[in-house]
Amino acid sequence: MINEIYKKFVIDFPKVTLFLISLLIAFSLYHSKNFNLDASSDALILEGDQDLKYLRKINQRYGSKEFLVLTYSPVVSFEEKETILNLQLLKSKIEKLSWVDSVITVIDVPLLKSTDESLMERLRNYKTLSHPEIDRKRGFEEIVNSPIYKNYVISEDGKTSGIVVYLKKDERLAEYIKIKDKYYNQSLEGKLTKSERINYKKFLKEYEEYKNLYNTRNHQNISEIRDVIDKYGENAKIHLGGIPMIANDMMSYIKSDIIVFGIGVFLFIILTLWVVFRNIKWVIMPLLGCATSVIMMIGLLGLIGWKVTVISSNFIALMLILNMAMNIHVTVRFLQLKKEFSQLSKSEAVLETSKKMFMPILYTVLTTICAFLSLLFSGIKPIIDFGWMMTMGLSVSILVTFLLLPSLLTLFSSDEDINVKDTEKSKITYALGNFAKNSKVLIFGATFIVLILSIVGISKLEVENSFINYFDKETEIYQGMKKIDDDLGGTTPLDIIIKFPIKKKIEKEDDEFSEWEEEEDNQNKAKYWFTRDKMDKIIKVHDYLDSLPEIGKVLSFGSILRVAEDLNKKELQSLEIAVLYSKIPDELKKEIISPYISVAEDEARISVRIKDSLQDLRRNDLIKKINTDLNTQLDLGKDEYKMTGVLILFNNLLQSLFKSQILTLGIVMLGISAMFFILFRNLIISFIGVVPNFIAAFFILGIIGLMNIPLDMMTITIAAITIGIAVDNSIHYIYRFKEEFSKINDYEKTLDRCHSTVGIAILNTSITIVFGFSILILSNFIPTIYFGVFTGIAMLLALISVLTLLPKLILVFKPFGPKKIM
């Protein structure tokens, strides 16, 4: 029944099929206008991460804002009037930008040693480097030697200054995030009603639309500040950094990658098809199939509202590569059938090709889908979306392959085009076939060595989140982060929150004065809060963190206290600290004390920045060491401190990936083994089919481990994806071997036949895939380059394995029964 419908719809009326597909292409092109990208930092965090929830609470408590950082290295010294004037002009120009809240530079630092007045007078009437009467040399020396500002707004050598540009808070986006978190938490607890679920879906659409607007504005903002930098960069070398700038540039990289990967793979496929078929028709028809699949997928993503992130930026290249593999298998089989059975009409050959190729291609698609669906267990939204995206893309590809390509073959192929190439000659597959037949010891010996090396390499695998090393050294992101790392105290933020024991209040009976007394208590709390014991604890933790080589700048209330004690020439006691706190002007208090002390919450915040570019830095080990040392060496109870910050969030992400990798690989292996058993109904064949591909995937992980390349959010998916794609070759080979063995009834002759038919198709598709993945080296994003290189190598290993180890296993185990005597 299905065969008849398919024959009437595709073979007998191919023009109708093409017309309907054309309508789908037009529909997809219309919706492609809604195709969007996302490079925001929340796209790379774990959904529902409790550390993210805590970080947002801490940021709100201590008044953290989004900011950009400019590194400013003038031609002449900061002591010179010319440099001060240039910096003032640059600051003034940046402050006039509508989206800028405030700008902090080295010329805004309060100078407290510039006069001989009393400490209180200095605090009330502090001056800065821009003050006309200031001794600039004396003031500059104070900043360079300040425990607060050294390696923060000025480098240790005094040649580079940091300009911090605080952005105006987007209240609407902040409110959206609160609502999103509320809905998400309710959905986890199963507390959403039917109407709330509907509202949640509507809200998510509205939230995504606003994020698109926010990203557009951010792009405009970054362009504006870069224009300013260009105008004022004559007298100084300026680098731009900060999360908004990185998000903007990442968006540009994603756009560039999509275009470069798509065009690069497309051109390579044209070359491959020409080398394989040497006929323009056999180049154009498969290409039309690939282009149609990609257009439909882009339209579908636009319709659904899914965004492409840096993780999924290679989805177009992957779709082209995988779709081309299907098209080559179908086309080669069509040509082989026409050559072998010349009496078949064109329509009969197309129908027979579709019948013979549908099941193996269906199973290859299902196994590849199994690999991509395993990414759902990562717990990270962009990786989950990538898994679903490729699942949908492969579903679209198989439909297009068996609707569009047969229609095109029926309409446009001719008998004159059939003998375009002798499909039974390939020196490579012939040599690999002889090697498989005659080299049992060598093949199994090499397999054993590969397994040992894989185990050793996999044991050395580790995950890392060195954000700076994700980018090429020529990019502004890398150069800006490196400059901040080297001269301004590090890039990746980490906060240590010290919690002081709260004294139990003596319970009193409520009376008419209770509320007044409570308000009075809160107002007076600061007067007795600043005890010497608390200050010593802050300084002890501060000094410990400062002693770690991986840590750059450490800022805390201890920094301010040391400045005050240096000015006062003695250690301050509790009462003196409380008086000092009360006398500091509110403007200065807001800038240098409020970010580090919360009297109301009985907390102190120590702000740390990690030198992300250190070659031997191991972030997870550092986090564990700090946690342990605070408890064992500094005698802080587990409930007396908590670590938070971007470093924690990204480390959580990668550790989650590492833990899910075992689960992912396990699911892929079980899923694919089950599919092999369903397809061939034979346990031995299932084992034979998966082993070569598992070995190739494990070996590539072993190579990564042996090369000491840390796994990250891209490379950690290589093994599962490699198994899913590489196993396609095994399915095609075994399916064809089973078909040919039923005719030839001789294992070695069947091997020769398979290597000269399906082996050529496997060789062609594998080479296409290997070189298709090599296009990813053109990315600016290093994990994408690693993904392309190592997946390409894994596919090459899988190709060799499928054409040597797989046939040797078939010859040894004879899964199709003994050779029959004719």
# chains A, B, ... in the order shown; residues from 1 in each chain; ligands from 1
$ select_by_dssp --residues "region 180-397 of chain A" --states "alpha helix (DSSP H)" --output "PyMOL selection string"
chain A and resi 180-188+194-231+243-277+280-304+315-340+346-373+381-397
$ residues_around --residues "Leu432 (chain A)" --least-positions-apart "3" --cutoff "12 Å" --atoms "only C-alpha atoms" --output "list in words"
Ser426, Lys427, Ile428, Thr429, Phe435, Ala436, Lys437, Asn438, Ser439, Ile443, Leu751, Asp752, Cys754, His755, Ser756, Gly759, Ile760, Leu763, Leu799, Ile800, Ser801, Val802, Leu803, Thr804, Leu805, Leu806, Pro807 and Lys808 of chain A
$ write_last_selection --atoms "N, CA and C atoms" --output "tab-separated table (two decimals), in the first residue's frame"
chain	number	residue	atom	x	y	z
A	426	SER	N	38.04	0.89	-7.49
A	426	SER	CA	38.58	1.80	-6.48
A	426	SER	C	39.79	1.12	-5.86
A	427	LYS	N	40.95	1.69	-6.10
A	427	LYS	CA	42.18	1.09	-5.58
A	427	LYS	C	42.18	1.07	-4.05
A	428	ILE	N	41.57	2.11	-3.47
A	428	ILE	CA	41.58	2.21	-2.00
A	428	ILE	C	40.74	1.10	-1.38
A	429	THR	N	39.48	0.97	-1.84
A	429	THR	CA	38.61	-0.05	-1.25
A	429	THR	C	39.11	-1.46	-1.59
A	435	PHE	N	43.40	-6.31	2.56
A	435	PHE	CA	43.99	-6.21	3.90
A	435	PHE	C	43.08	-6.89	4.92
A	436	ALA	N	41.77	-6.68	4.78
A	436	ALA	CA	40.81	-7.29	5.71
A	436	ALA	C	40.83	-8.81	5.61
A	437	LYS	N	41.01	-9.33	4.40
A	437	LYS	CA	41.01	-10.80	4.21
A	437	LYS	C	42.30	-11.46	4.70
A	438	ASN	N	43.44	-10.75	4.55
A	438	ASN	CA	44.74	-11.42	4.73
A	438	ASN	C	45.54	-10.98	5.96
A	439	SER	N	44.99	-10.10	6.80
A	439	SER	CA	45.81	-9.54	7.89
A	439	SER	C	45.10	-9.65	9.24
A	443	ILE	N	45.28	-6.78	12.13
A	443	ILE	CA	44.05	-6.02	12.43
A	443	ILE	C	43.69	-6.14	13.90
A	751	LEU	N	32.59	-10.11	0.35
A	751	LEU	CA	33.42	-8.99	0.83
A	751	LEU	C	33.95	-8.19	-0.36
A	752	ASP	N	34.48	-8.89	-1.37
A	752	ASP	CA	34.99	-8.21	-2.56
A	752	ASP	C	33.89	-7.40	-3.24
A	754	CYS	N	31.12	-6.19	-1.88
A	754	CYS	CA	30.71	-5.05	-1.04
A	754	CYS	C	31.75	-3.92	-1.10
A	755	HIS	N	33.03	-4.29	-1.08
A	755	HIS	CA	34.07	-3.25	-1.14
A	755	HIS	C	34.07	-2.53	-2.49
A	756	SER	N	33.59	-3.20	-3.54
A	756	SER	CA	33.57	-2.56	-4.86
A	756	SER	C	32.26	-1.84	-5.15
A	759	GLY	N	31.19	-0.15	-0.57
A	759	GLY	CA	32.46	0.35	-0.02
A	759	GLY	C	32.88	1.66	-0.65
A	760	ILE	N	32.63	1.79	-1.97
A	760	ILE	CA	32.97	3.04	-2.68
A	760	ILE	C	32.09	4.18	-2.16
A	763	LEU	N	33.33	5.14	1.21
A	763	LEU	CA	34.57	5.90	1.07
A	763	LEU	C	34.26	7.35	0.66
A	799	LEU	N	36.02	5.09	9.24
A	799	LEU	CA	36.05	4.60	7.85
A	799	LEU	C	37.00	3.42	7.71
A	800	ILE	N	38.23	3.60	8.21
A	800	ILE	CA	39.23	2.52	8.12
A	800	ILE	C	38.75	1.29	8.87
A	801	SER	N	38.14	1.53	10.04
A	801	SER	CA	37.66	0.42	10.88
A	801	SER	C	36.53	-0.34	10.19
A	802	VAL	N	35.61	0.40	9.56
A	802	VAL	CA	34.46	-0.24	8.91
A	802	VAL	C	34.88	-1.04	7.69
A	803	LEU	N	35.94	-0.62	7.00
A	803	LEU	CA	36.38	-1.34	5.80
A	803	LEU	C	37.50	-2.35	6.07
A	804	THR	N	37.90	-2.49	7.35
A	804	THR	CA	38.92	-3.50	7.69
A	804	THR	C	38.45	-4.38	8.84
A	805	LEU	N	38.26	-3.78	10.02
A	805	LEU	CA	37.88	-4.57	11.20
A	805	LEU	C	36.50	-5.19	11.03
A	806	LEU	N	35.53	-4.41	10.54
A	806	LEU	CA	34.17	-4.92	10.38
A	806	LEU	C	34.11	-6.14	9.46
A	807	PRO	N	34.67	-6.08	8.23
A	807	PRO	CA	34.64	-7.29	7.38
A	807	PRO	C	35.43	-8.46	7.98
A	808	LYS	N	36.52	-8.15	8.70
A	808	LYS	CA	37.29	-9.24	9.33
A	808	LYS	C	36.45	-9.92	10.40
$ closest_residue --among "A:Lys91, A:Lys473, A:Lys201, A:Lys178" --to "Val165 (chain A)" --atoms "only C-alpha atoms"
A:Lys91
$ atom_distance --atom1 "CA of Gln60 (chain A)" --atom2 "CA of Leu111 (chain A)"
28.8 Å
$ closest_residue --among "A:Lys527, A:Lys150, A:Lys642, A:Lys339" --to "Ile58 (chain A)" --atoms "only C-alpha atoms"
A:Lys642
$ select_by_dssp --residues "region 225-347 of chain A" --states "strand (DSSP E)" --output "PyMOL selection string"
chain A and resi 236-241+307-308
$ write_last_selection --atoms "N, CA, C and O atoms" --output "PDB file, in the first residue's frame"
ATOM      1  N   ALA A 236      46.853  56.758  22.823  1.00  0.00           N
ATOM      2  CA  ALA A 236      46.898  55.619  23.753  1.00  0.00           C
ATOM      3  C   ALA A 236      46.450  54.354  23.038  1.00  0.00           C
ATOM      4  O   ALA A 236      45.710  54.412  22.053  1.00  0.00           O
ATOM      5  N   LYS A 237      46.926  53.218  23.550  1.00  0.00           N
ATOM      6  CA  LYS A 237      46.469  51.925  23.044  1.00  0.00           C
ATOM      7  C   LYS A 237      45.311  51.473  23.922  1.00  0.00           C
ATOM      8  O   LYS A 237      45.463  51.338  25.136  1.00  0.00           O
ATOM      9  N   ILE A 238      44.148  51.260  23.300  1.00  0.00           N
ATOM     10  CA  ILE A 238      42.936  50.954  24.067  1.00  0.00           C
ATOM     11  C   ILE A 238      42.368  49.599  23.631  1.00  0.00           C
ATOM     12  O   ILE A 238      42.204  49.345  22.440  1.00  0.00           O
ATOM     13  N   HIS A 239      42.073  48.748  24.628  1.00  0.00           N
ATOM     14  CA  HIS A 239      41.394  47.477  24.373  1.00  0.00           C
ATOM     15  C   HIS A 239      40.049  47.500  25.086  1.00  0.00           C
ATOM     16  O   HIS A 239      39.926  48.026  26.196  1.00  0.00           O
ATOM     17  N   LEU A 240      39.038  46.931  24.440  1.00  0.00           N
ATOM     18  CA  LEU A 240      37.705  46.864  25.022  1.00  0.00           C
ATOM     19  C   LEU A 240      37.443  45.453  25.536  1.00  0.00           C
ATOM     20  O   LEU A 240      37.774  44.465  24.873  1.00  0.00           O
ATOM     21  N   GLY A 241      36.861  45.331  26.712  1.00  0.00           N
ATOM     22  CA  GLY A 241      36.531  44.036  27.292  1.00  0.00           C
ATOM     23  C   GLY A 241      35.230  44.112  28.062  1.00  0.00           C
ATOM     24  O   GLY A 241      34.592  45.165  28.131  1.00  0.00           O
ATOM     25  N   LYS A 307      16.648  29.606  18.834  1.00  0.00           N
ATOM     26  CA  LYS A 307      17.802  30.426  18.470  1.00  0.00           C
ATOM     27  C   LYS A 307      19.051  29.574  18.327  1.00  0.00           C
ATOM     28  O   LYS A 307      19.213  28.581  19.030  1.00  0.00           O
ATOM     29  N   VAL A 308      19.902  29.993  17.414  1.00  0.00           N
ATOM     30  CA  VAL A 308      21.185  29.316  17.219  1.00  0.00           C
ATOM     31  C   VAL A 308      22.214  29.961  18.141  1.00  0.00           C
ATOM     32  O   VAL A 308      22.346  31.185  18.185  1.00  0.00           O
TER      33      VAL A 308
END
$ closest_residue --among "A:Glu133, A:Asp728, A:Glu565, A:Glu196" --to "Pro360 (chain A)" --atoms "only C-alpha atoms"
A:Asp728
$ residues_around --residues "region 729-742 of chain A" --least-positions-apart "3" --cutoff "7 Å" --atoms "only C-alpha atoms" --output "tab-separated table (two decimals) with N, CA and C atoms, in the first residue's frame"
chain	number	residue	atom	x	y	z
A	360	PRO	N	18.07	0.96	5.14
A	360	PRO	CA	19.39	1.29	5.70
A	360	PRO	C	19.55	2.76	6.03
A	364	THR	N	20.21	4.48	9.61
A	364	THR	CA	21.37	5.37	9.82
A	364	THR	C	20.91	6.69	10.42
A	689	GLY	N	28.53	-4.89	14.34
A	689	GLY	CA	28.23	-3.59	13.75
A	689	GLY	C	28.66	-2.41	14.58
A	726	ALA	N	29.19	7.71	12.51
A	726	ALA	CA	30.06	6.67	11.94
A	726	ALA	C	29.34	5.34	11.79
A	745	ASN	N	26.69	-16.30	-1.73
A	745	ASN	CA	26.87	-17.46	-0.84
A	745	ASN	C	28.34	-17.80	-0.56
A	746	ASP	N	29.17	-16.75	-0.56
A	746	ASP	CA	30.59	-16.95	-0.25
A	746	ASP	C	31.09	-15.68	0.47
A	747	TYR	N	31.63	-15.84	1.69
A	747	TYR	CA	31.97	-14.68	2.50
A	747	TYR	C	33.03	-13.80	1.84
A	750	THR	N	31.72	-12.16	-1.30
A	750	THR	CA	30.77	-11.11	-0.89
A	750	THR	C	31.52	-9.88	-0.40
A	754	CYS	N	31.12	-6.19	-1.88
A	754	CYS	CA	30.71	-5.05	-1.04
A	754	CYS	C	31.75	-3.92	-1.10
A	758	VAL	N	29.13	-0.84	-2.23
A	758	VAL	CA	28.80	0.02	-1.09
A	758	VAL	C	30.07	0.59	-0.45
A	762	ILE	N	30.67	4.35	0.79
A	762	ILE	CA	31.13	4.65	2.15
A	762	ILE	C	32.39	5.50	2.11
A	802	VAL	N	35.61	0.40	9.56
A	802	VAL	CA	34.46	-0.24	8.91
A	802	VAL	C	34.88	-1.04	7.69
